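Engineer: My questions all concern the structure below.
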Number of protein chains: 2
Amino acid sequence: MYDYYDELGIGRETLLAQIKSQMSEKRFNHVLSVEKEAIRLAEIHGVDPQQAGLAGLLHDYAKELPDEEFQHLIKKYDLDRDLLNWGNNVWHGLVGIYKIREDFNLEDQEILQAIKVHTVGSSNMSKLDKVVYVADYTEETRNFPGVDEARKLADSDLNRAVAYESKSTIRHLCEKNVRIYPQALDTYNAFIQYI
Amino acid sequence: MYDYYDELGIGRETLLAQIKSQMSEKRFNHVLSVEKEAIRLAEIHGVDPQQAGLAGLLHDYAKELPDEEFQHLIKKYDLDRDLLNWGNNVWHGLVGIYKIREDFNLEDQEILQAIKVHTVGSSNMSKLDKVVYVADYTEETRNFPGVDEARKLADSDLNRAVAYESKSTIRHLCEKNVRIYPQALDTYNAFIQYI
């Protein structure tokens with residue numbers, strides 16, 4: 001793993017302690033696994049593993065923030081007011097990056113973008129975006145029907161892996177009768193050609 | 001059934017002959033079944049059955065139009081150019097109404113709107129829109145898993161019927177790895193609360 005002094009001005013232990021303070025032990029373990037998987041996928045697919053690792057560590061930093069804080073951030077940063085109609089699952093990436101920017105000295109726009117779209121994806125994803133989006137799904141503690149197929153695709157073809165995950169996300173939300181954020185459909189529509 | 005002289009300035013037989021000339025016999029029989037089902041649902045749910053019947057008869061009028069004609073209509077009427085990225089399934093309603101307006105003296109905006117959204121729906125549907133959207137799915141010749149449930153809902157609760165159909169549509173397209181028109185997701189998102 002990496003020491004983040006150069007990027008953040010703090011070392012790994014300080015960073016981990018700050019992340020750990022924001023979440024349950026289970027989620028913190030997931031975060032460590034996503035860091036590991038993101039670095040692994042970055043090395044396979046020619047992405048900067050330091051960027052991938054840091055994005056992995058920070059991707060769920062805001063996941064346990066109270067709804068009121070997200071609502072406050074949406075207003076404070078004058079974000080799309082339609083976001084107020086959605087919930088934590090959409091907010092923790094799209095809005096969570098504003099919390100991360102407040103709490104850390106992180107101005108790497110590529111890392112912030114990968115964290116921003118790690119749940120909903122986008123129609124136009126960088127390789128770093130794809131690595132983090134996929135690593136969140138394929139990290140070693142994940143266990144759901146189809147995870148083995150997702151892991152195989154993650155190693156061999158990032159576009160197919162994004163297609164597989166975005167399709168699974170749409171189906172899963174639909175089966176649960178849950179509203180689907182339009183950007184998640186944009187991701188599906190852009191990548192389903194690769195499946 | 002109704003004579004359409006008042007609305008269109010032509011009688012039923014002339015109208016049927018014109019519709020029949022545009023499509024296969026199988027589709028023409030489907031059209032007659034949608035007319036019948038739309039009138040039946042209109043009478044249950046307090047919608048004007050004459051509007052519902054005429055929308056049912058005309059809903060697939062443009063379904064067998066060549067792609068080039070749809071592309072021409074999109075440009076001629078300066079419609080959203082993103083429509084060019086889609087195909088017949090999206091076009092025959094959203095663009096088909098421009099063909100209908102050219103071929104018939106039909107200016108009833110409520111009927112045209114119901115035909116416009118009969119495949120993709122919308123987040124804000126009138127009762128007439130819902131009747132035609134649902135009738136296309138529940139008419140008597142339809143035979144697919146879940147059609148009996150769809151028919152039960154159609155008789156008892158139009159919003160639940162739209163929710164059921166929009167969810168089935170999203171799942172079906174997703175299972176076929178087909179792109180989904182964003183307005184179809186808007187319909188799902190607006191109605192899934194009723195399921």
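Going by the structure tokens order, chains are called A, B, ..., each with residues numbered from 1, while ligands are numbered from 1 in the order shown.
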As a ChimeraX atom specification, please: the residues near segment 9-19 of chain B (cut-off 8 Å, only C-alpha atoms, same-chain neighbours under 2 positions excluded).
Structural biologist: /B:2-7,21-23,28,57-58,61,105
Engineer: Compute the set of chain A residues within 9 Å of chain B, using only C-alpha atoms, and express it as a VMD selection string.
Structural biologist: chain A and resid 167 to 168 170 to 171 174 to 175 177 to 182 185 to 186 188 to 190 192 to 193 195
Engineer: Selected residues, N, CA, C and O atoms, written as a PDB file, in the first residue's frame, please.
Structural biologist:
```pdb
ATOM      1  N   LYS A 167     -25.768  -3.210 -15.357  1.00  0.00           N
ATOM      2  CA  LYS A 167     -26.969  -4.003 -15.623  1.00  0.00           C
ATOM      3  C   LYS A 167     -27.498  -4.663 -14.346  1.00  0.00           C
ATOM      4  O   LYS A 167     -28.697  -4.630 -14.063  1.00  0.00           O
ATOM      5  N   SER A 168     -26.590  -5.243 -13.557  1.00  0.00           N
ATOM      6  CA  SER A 168     -27.000  -5.882 -12.305  1.00  0.00           C
ATOM      7  C   SER A 168     -27.630  -4.876 -11.359  1.00  0.00           C
ATOM      8  O   SER A 168     -28.596  -5.188 -10.649  1.00  0.00           O
ATOM      9  N   ILE A 170     -29.274  -2.042 -12.182  1.00  0.00           N
ATOM     10  CA  ILE A 170     -30.633  -1.701 -12.656  1.00  0.00           C
ATOM     11  C   ILE A 170     -31.611  -2.830 -12.287  1.00  0.00           C
ATOM     12  O   ILE A 170     -32.686  -2.585 -11.737  1.00  0.00           O
ATOM     13  N   ARG A 171     -31.220  -4.059 -12.563  1.00  0.00           N
ATOM     14  CA  ARG A 171     -32.114  -5.190 -12.283  1.00  0.00           C
ATOM     15  C   ARG A 171     -32.417  -5.316 -10.801  1.00  0.00           C
ATOM     16  O   ARG A 171     -33.559  -5.566 -10.401  1.00  0.00           O
ATOM     17  N   CYS A 174     -34.714  -2.532  -9.620  1.00  0.00           N
ATOM     18  CA  CYS A 174     -36.028  -2.768 -10.206  1.00  0.00           C
ATOM     19  C   CYS A 174     -36.756  -3.888  -9.460  1.00  0.00           C
ATOM     20  O   CYS A 174     -37.943  -3.775  -9.157  1.00  0.00           O
ATOM     21  N   GLU A 175     -36.038  -4.946  -9.138  1.00  0.00           N
ATOM     22  CA  GLU A 175     -36.657  -6.052  -8.405  1.00  0.00           C
ATOM     23  C   GLU A 175     -37.102  -5.630  -7.008  1.00  0.00           C
ATOM     24  O   GLU A 175     -38.067  -6.163  -6.477  1.00  0.00           O
ATOM     25  N   ASN A 177     -38.261  -2.695  -6.383  1.00  0.00           N
ATOM     26  CA  ASN A 177     -39.225  -1.595  -6.564  1.00  0.00           C
ATOM     27  C   ASN A 177     -38.691  -0.260  -6.059  1.00  0.00           C
ATOM     28  O   ASN A 177     -39.422   0.543  -5.466  1.00  0.00           O
ATOM     29  N   VAL A 178     -37.413  -0.038  -6.293  1.00  0.00           N
ATOM     30  CA  VAL A 178     -36.760   1.182  -5.822  1.00  0.00           C
ATOM     31  C   VAL A 178     -36.531   2.102  -7.018  1.00  0.00           C
ATOM     32  O   VAL A 178     -36.250   1.634  -8.127  1.00  0.00           O
ATOM     33  N   ARG A 179     -36.663   3.413  -6.811  1.00  0.00           N
ATOM     34  CA  ARG A 179     -36.375   4.371  -7.872  1.00  0.00           C
ATOM     35  C   ARG A 179     -34.901   4.276  -8.292  1.00  0.00           C
ATOM     36  O   ARG A 179     -34.040   3.958  -7.473  1.00  0.00           O
ATOM     37  N   ILE A 180     -34.643   4.541  -9.558  1.00  0.00           N
ATOM     38  CA  ILE A 180     -33.300   4.411 -10.131  1.00  0.00           C
ATOM     39  C   ILE A 180     -32.828   5.791 -10.573  1.00  0.00           C
ATOM     40  O   ILE A 180     -33.518   6.465 -11.363  1.00  0.00           O
ATOM     41  N   TYR A 181     -31.661   6.226 -10.090  1.00  0.00           N
ATOM     42  CA  TYR A 181     -31.145   7.552 -10.436  1.00  0.00           C
ATOM     43  C   TYR A 181     -30.822   7.576 -11.937  1.00  0.00           C
ATOM     44  O   TYR A 181     -30.136   6.666 -12.443  1.00  0.00           O
ATOM     45  N   PRO A 182     -31.318   8.567 -12.665  1.00  0.00           N
ATOM     46  CA  PRO A 182     -31.146   8.565 -14.128  1.00  0.00           C
ATOM     47  C   PRO A 182     -29.697   8.380 -14.592  1.00  0.00           C
ATOM     48  O   PRO A 182     -29.442   7.737 -15.610  1.00  0.00           O
ATOM     49  N   LEU A 185     -28.877   4.881 -15.227  1.00  0.00           N
ATOM     50  CA  LEU A 185     -29.354   4.386 -16.520  1.00  0.00           C
ATOM     51  C   LEU A 185     -28.437   4.853 -17.643  1.00  0.00           C
ATOM     52  O   LEU A 185     -28.164   4.102 -18.584  1.00  0.00           O
ATOM     53  N   ASP A 186     -27.948   6.098 -17.553  1.00  0.00           N
ATOM     54  CA  ASP A 186     -26.999   6.590 -18.570  1.00  0.00           C
ATOM     55  C   ASP A 186     -25.788   5.652 -18.654  1.00  0.00           C
ATOM     56  O   ASP A 186     -25.285   5.375 -19.747  1.00  0.00           O
ATOM     57  N   TYR A 188     -25.650   2.419 -17.788  1.00  0.00           N
ATOM     58  CA  TYR A 188     -26.114   1.185 -18.435  1.00  0.00           C
ATOM     59  C   TYR A 188     -26.217   1.382 -19.956  1.00  0.00           C
ATOM     60  O   TYR A 188     -25.712   0.575 -20.734  1.00  0.00           O
ATOM     61  N   ASN A 189     -26.859   2.473 -20.364  1.00  0.00           N
ATOM     62  CA  ASN A 189     -27.061   2.709 -21.810  1.00  0.00           C
ATOM     63  C   ASN A 189     -25.735   2.868 -22.558  1.00  0.00           C
ATOM     64  O   ASN A 189     -25.614   2.446 -23.705  1.00  0.00           O
ATOM     65  N   ALA A 190     -24.745   3.475 -21.892  1.00  0.00           N
ATOM     66  CA  ALA A 190     -23.463   3.707 -22.558  1.00  0.00           C
ATOM     67  C   ALA A 190     -22.619   2.428 -22.641  1.00  0.00           C
ATOM     68  O   ALA A 190     -21.827   2.268 -23.569  1.00  0.00           O
ATOM     69  N   ILE A 192     -23.800  -1.017 -22.160  1.00  0.00           N
ATOM     70  CA  ILE A 192     -24.418  -2.327 -22.408  1.00  0.00           C
ATOM     71  C   ILE A 192     -23.954  -2.916 -23.748  1.00  0.00           C
ATOM     72  O   ILE A 192     -23.952  -4.139 -23.928  1.00  0.00           O
ATOM     73  N   GLN A 193     -23.484  -2.054 -24.649  1.00  0.00           N
ATOM     74  CA  GLN A 193     -22.937  -2.547 -25.919  1.00  0.00           C
ATOM     75  C   GLN A 193     -21.739  -3.484 -25.723  1.00  0.00           C
ATOM     76  O   GLN A 193     -21.414  -4.279 -26.600  1.00  0.00           O
ATOM     77  N   ILE A 195     -21.385  -5.784 -23.324  1.00  0.00           N
ATOM     78  CA  ILE A 195     -21.637  -7.025 -22.574  1.00  0.00           C
ATOM     79  C   ILE A 195     -21.522  -8.264 -23.471  1.00  0.00           C
ATOM     80  O   ILE A 195     -21.716  -8.175 -24.664  1.00  0.00           O
TER      81      ILE A 195
END
```
Engineer: Could you work out how far atom CA of Val95 of chain B lies from atom CA of Phe70 of chain B, giving the answer in Å with one decimal?
Structural biologist: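 If I compute the distance from atom CA of Phe70 of chain B to atom CA of Val95 of chain B, I get 6.7 Å.
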Engineer: Report as JSON, numbers by chain: the residues of segment 74-155 of chain A with a DSSP assignment of helix (DSSP H, G or I), based on the backbone of this structure.
Structural biologist: {"A": [74, 75, 76, 81, 82, 83, 84, 85, 88, 89, 90, 91, 92, 93, 94, 96, 97, 98, 99, 100, 101, 102, 103, 109, 110, 111, 112, 113, 114, 115, 116, 127, 128, 129, 130, 131, 132, 133, 134, 135, 136, 137, 138, 147, 148, 149, 150, 151, 152, 153, 154, 155]}
Engineer: Selected residues, C-alpha atoms, written as a JSON list (two decimals), in the first residue's frame, please.
Structural biologist:
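The result, stored in out_3.json:
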```json
[["chain", "number", "residue", "atom", "x", "y", "z"],
["A", 74, "ILE", "CA", -26.25, 20.30, -1.61],
["A", 75, "LYS", "CA", -27.38, 23.83, -0.68],
["A", 76, "LYS", "CA", -23.94, 25.08, 0.42],
["A", 81, "ARG", "CA", -31.59, 20.69, -6.36],
["A", 82, "ASP", "CA", -33.06, 17.48, -7.81],
["A", 83, "LEU", "CA", -30.48, 15.70, -5.64],
["A", 84, "LEU", "CA", -32.70, 16.55, -2.66],
["A", 85, "ASN", "CA", -35.24, 14.04, -4.04],
["A", 88, "ASN", "CA", -27.82, 8.30, 0.84],
["A", 89, "ASN", "CA", -27.09, 5.79, -1.90],
["A", 90, "VAL", "CA", -26.91, 8.56, -4.51],
["A", 91, "TRP", "CA", -25.53, 11.26, -2.19],
["A", 92, "HIS", "CA", -22.52, 9.50, -0.66],
["A", 93, "GLY", "CA", -20.62, 9.67, -3.96],
["A", 94, "LEU", "CA", -22.06, 12.65, -5.87],
["A", 96, "GLY", "CA", -19.70, 13.01, -0.59],
["A", 97, "ILE", "CA", -16.77, 14.49, -2.51],
["A", 98, "TYR", "CA", -17.59, 17.92, -1.05],
["A", 99, "LYS", "CA", -17.24, 16.48, 2.46],
["A", 100, "ILE", "CA", -13.95, 14.88, 1.44],
["A", 101, "ARG", "CA", -12.67, 18.18, 0.06],
["A", 102, "GLU", "CA", -13.58, 19.88, 3.33],
["A", 103, "ASP", "CA", -11.86, 17.28, 5.50],
["A", 109, "GLN", "CA", -9.79, 16.02, -9.78],
["A", 110, "GLU", "CA", -9.34, 12.55, -11.27],
["A", 111, "ILE", "CA", -9.55, 10.91, -7.83],
["A", 112, "LEU", "CA", -12.50, 13.10, -6.81],
["A", 113, "GLN", "CA", -14.34, 12.25, -10.03],
["A", 114, "ALA", "CA", -13.81, 8.51, -9.49],
["A", 115, "ILE", "CA", -15.22, 8.82, -5.96],
["A", 116, "LYS", "CA", -18.07, 11.00, -7.25],
["A", 127, "LYS", "CA", -10.20, 4.17, -16.65],
["A", 128, "LEU", "CA", -9.70, 5.27, -13.04],
["A", 129, "ASP", "CA", -13.48, 5.79, -12.67],
["A", 130, "LYS", "CA", -14.07, 2.28, -14.01],
["A", 131, "VAL", "CA", -11.47, 0.70, -11.72],
["A", 132, "VAL", "CA", -13.07, 2.19, -8.60],
["A", 133, "TYR", "CA", -16.65, 1.49, -9.76],
["A", 134, "VAL", "CA", -15.75, -2.15, -10.42],
["A", 135, "ALA", "CA", -13.50, -2.66, -7.38],
["A", 136, "ASP", "CA", -16.37, -1.63, -5.10],
["A", 137, "TYR", "CA", -18.30, -4.57, -6.58],
["A", 138, "THR", "CA", -15.59, -7.22, -6.85],
["A", 147, "VAL", "CA", -19.72, -12.02, -8.17],
["A", 148, "ASP", "CA", -17.42, -14.65, -9.72],
["A", 149, "GLU", "CA", -18.49, -13.61, -13.23],
["A", 150, "ALA", "CA", -17.99, -9.94, -12.27],
["A", 151, "ARG", "CA", -14.46, -10.73, -11.02],
["A", 152, "LYS", "CA", -13.57, -12.57, -14.22],
["A", 153, "LEU", "CA", -14.72, -9.59, -16.31],
["A", 154, "ALA", "CA", -12.94, -7.13, -14.01],
["A", 155, "ASP", "CA", -9.62, -8.84, -14.73]]
```
Engineer: Could you tell me how far atom CA of Pro49 of chain B sits from atom CA of Met1 of chain B, in Å to one decimal place?
Structural biologist: 9.2 Å
Engineer: Excluding same-chain residues fewer than 6 positions from Gly53 of chain B, what lies within 6 Å of it counting only C-alpha atoms, as a PyMOL selection string?
Structural biologist: chain B and resi 35+38-39
Engineer: Keeping only all heavy atoms, write those residues as a short mmCIF file (atom, residue, chain, number, x, y, z; two decimals), in the first residue's frame.
Structural biologist:
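In the end it all went to part15.cif:
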```cif
data_model
loop_
_atom_site.label_atom_id
_atom_site.label_comp_id
_atom_site.auth_asym_id
_atom_site.auth_seq_id
_atom_site.Cartn_x
_atom_site.Cartn_y
_atom_site.Cartn_z
N GLU B 35 -58.10 -0.98 -29.26
CA GLU B 35 -59.28 -0.09 -29.25
C GLU B 35 -60.31 -0.62 -28.26
O GLU B 35 -60.81 0.12 -27.40
CB GLU B 35 -59.90 -0.03 -30.65
CG GLU B 35 -61.16 0.85 -30.68
CD GLU B 35 -62.02 0.63 -31.94
OE1 GLU B 35 -62.01 -0.48 -32.50
OE2 GLU B 35 -62.70 1.60 -32.34
N ALA B 38 -59.07 -0.39 -24.64
CA ALA B 38 -58.98 1.02 -24.19
C ALA B 38 -60.39 1.55 -23.87
O ALA B 38 -60.58 2.25 -22.87
CB ALA B 38 -58.30 1.88 -25.25
N ILE B 39 -61.38 1.18 -24.70
CA ILE B 39 -62.76 1.61 -24.42
C ILE B 39 -63.26 0.98 -23.12
O ILE B 39 -63.85 1.64 -22.26
CB ILE B 39 -63.68 1.23 -25.60
CG1 ILE B 39 -63.36 2.10 -26.82
CG2 ILE B 39 -65.15 1.36 -25.22
CD1 ILE B 39 -64.04 1.66 -28.11
#
```
Engineer: Calculated over only C-alpha atoms, which of the candidates A:Asp157, A:Asp60, A:Ala42, A:Trp86 has the smallest distance to Asn29 of chain A?
Structural biologist: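 The answer is A:Asp60, which sits nearest to Asn29 of chain A.
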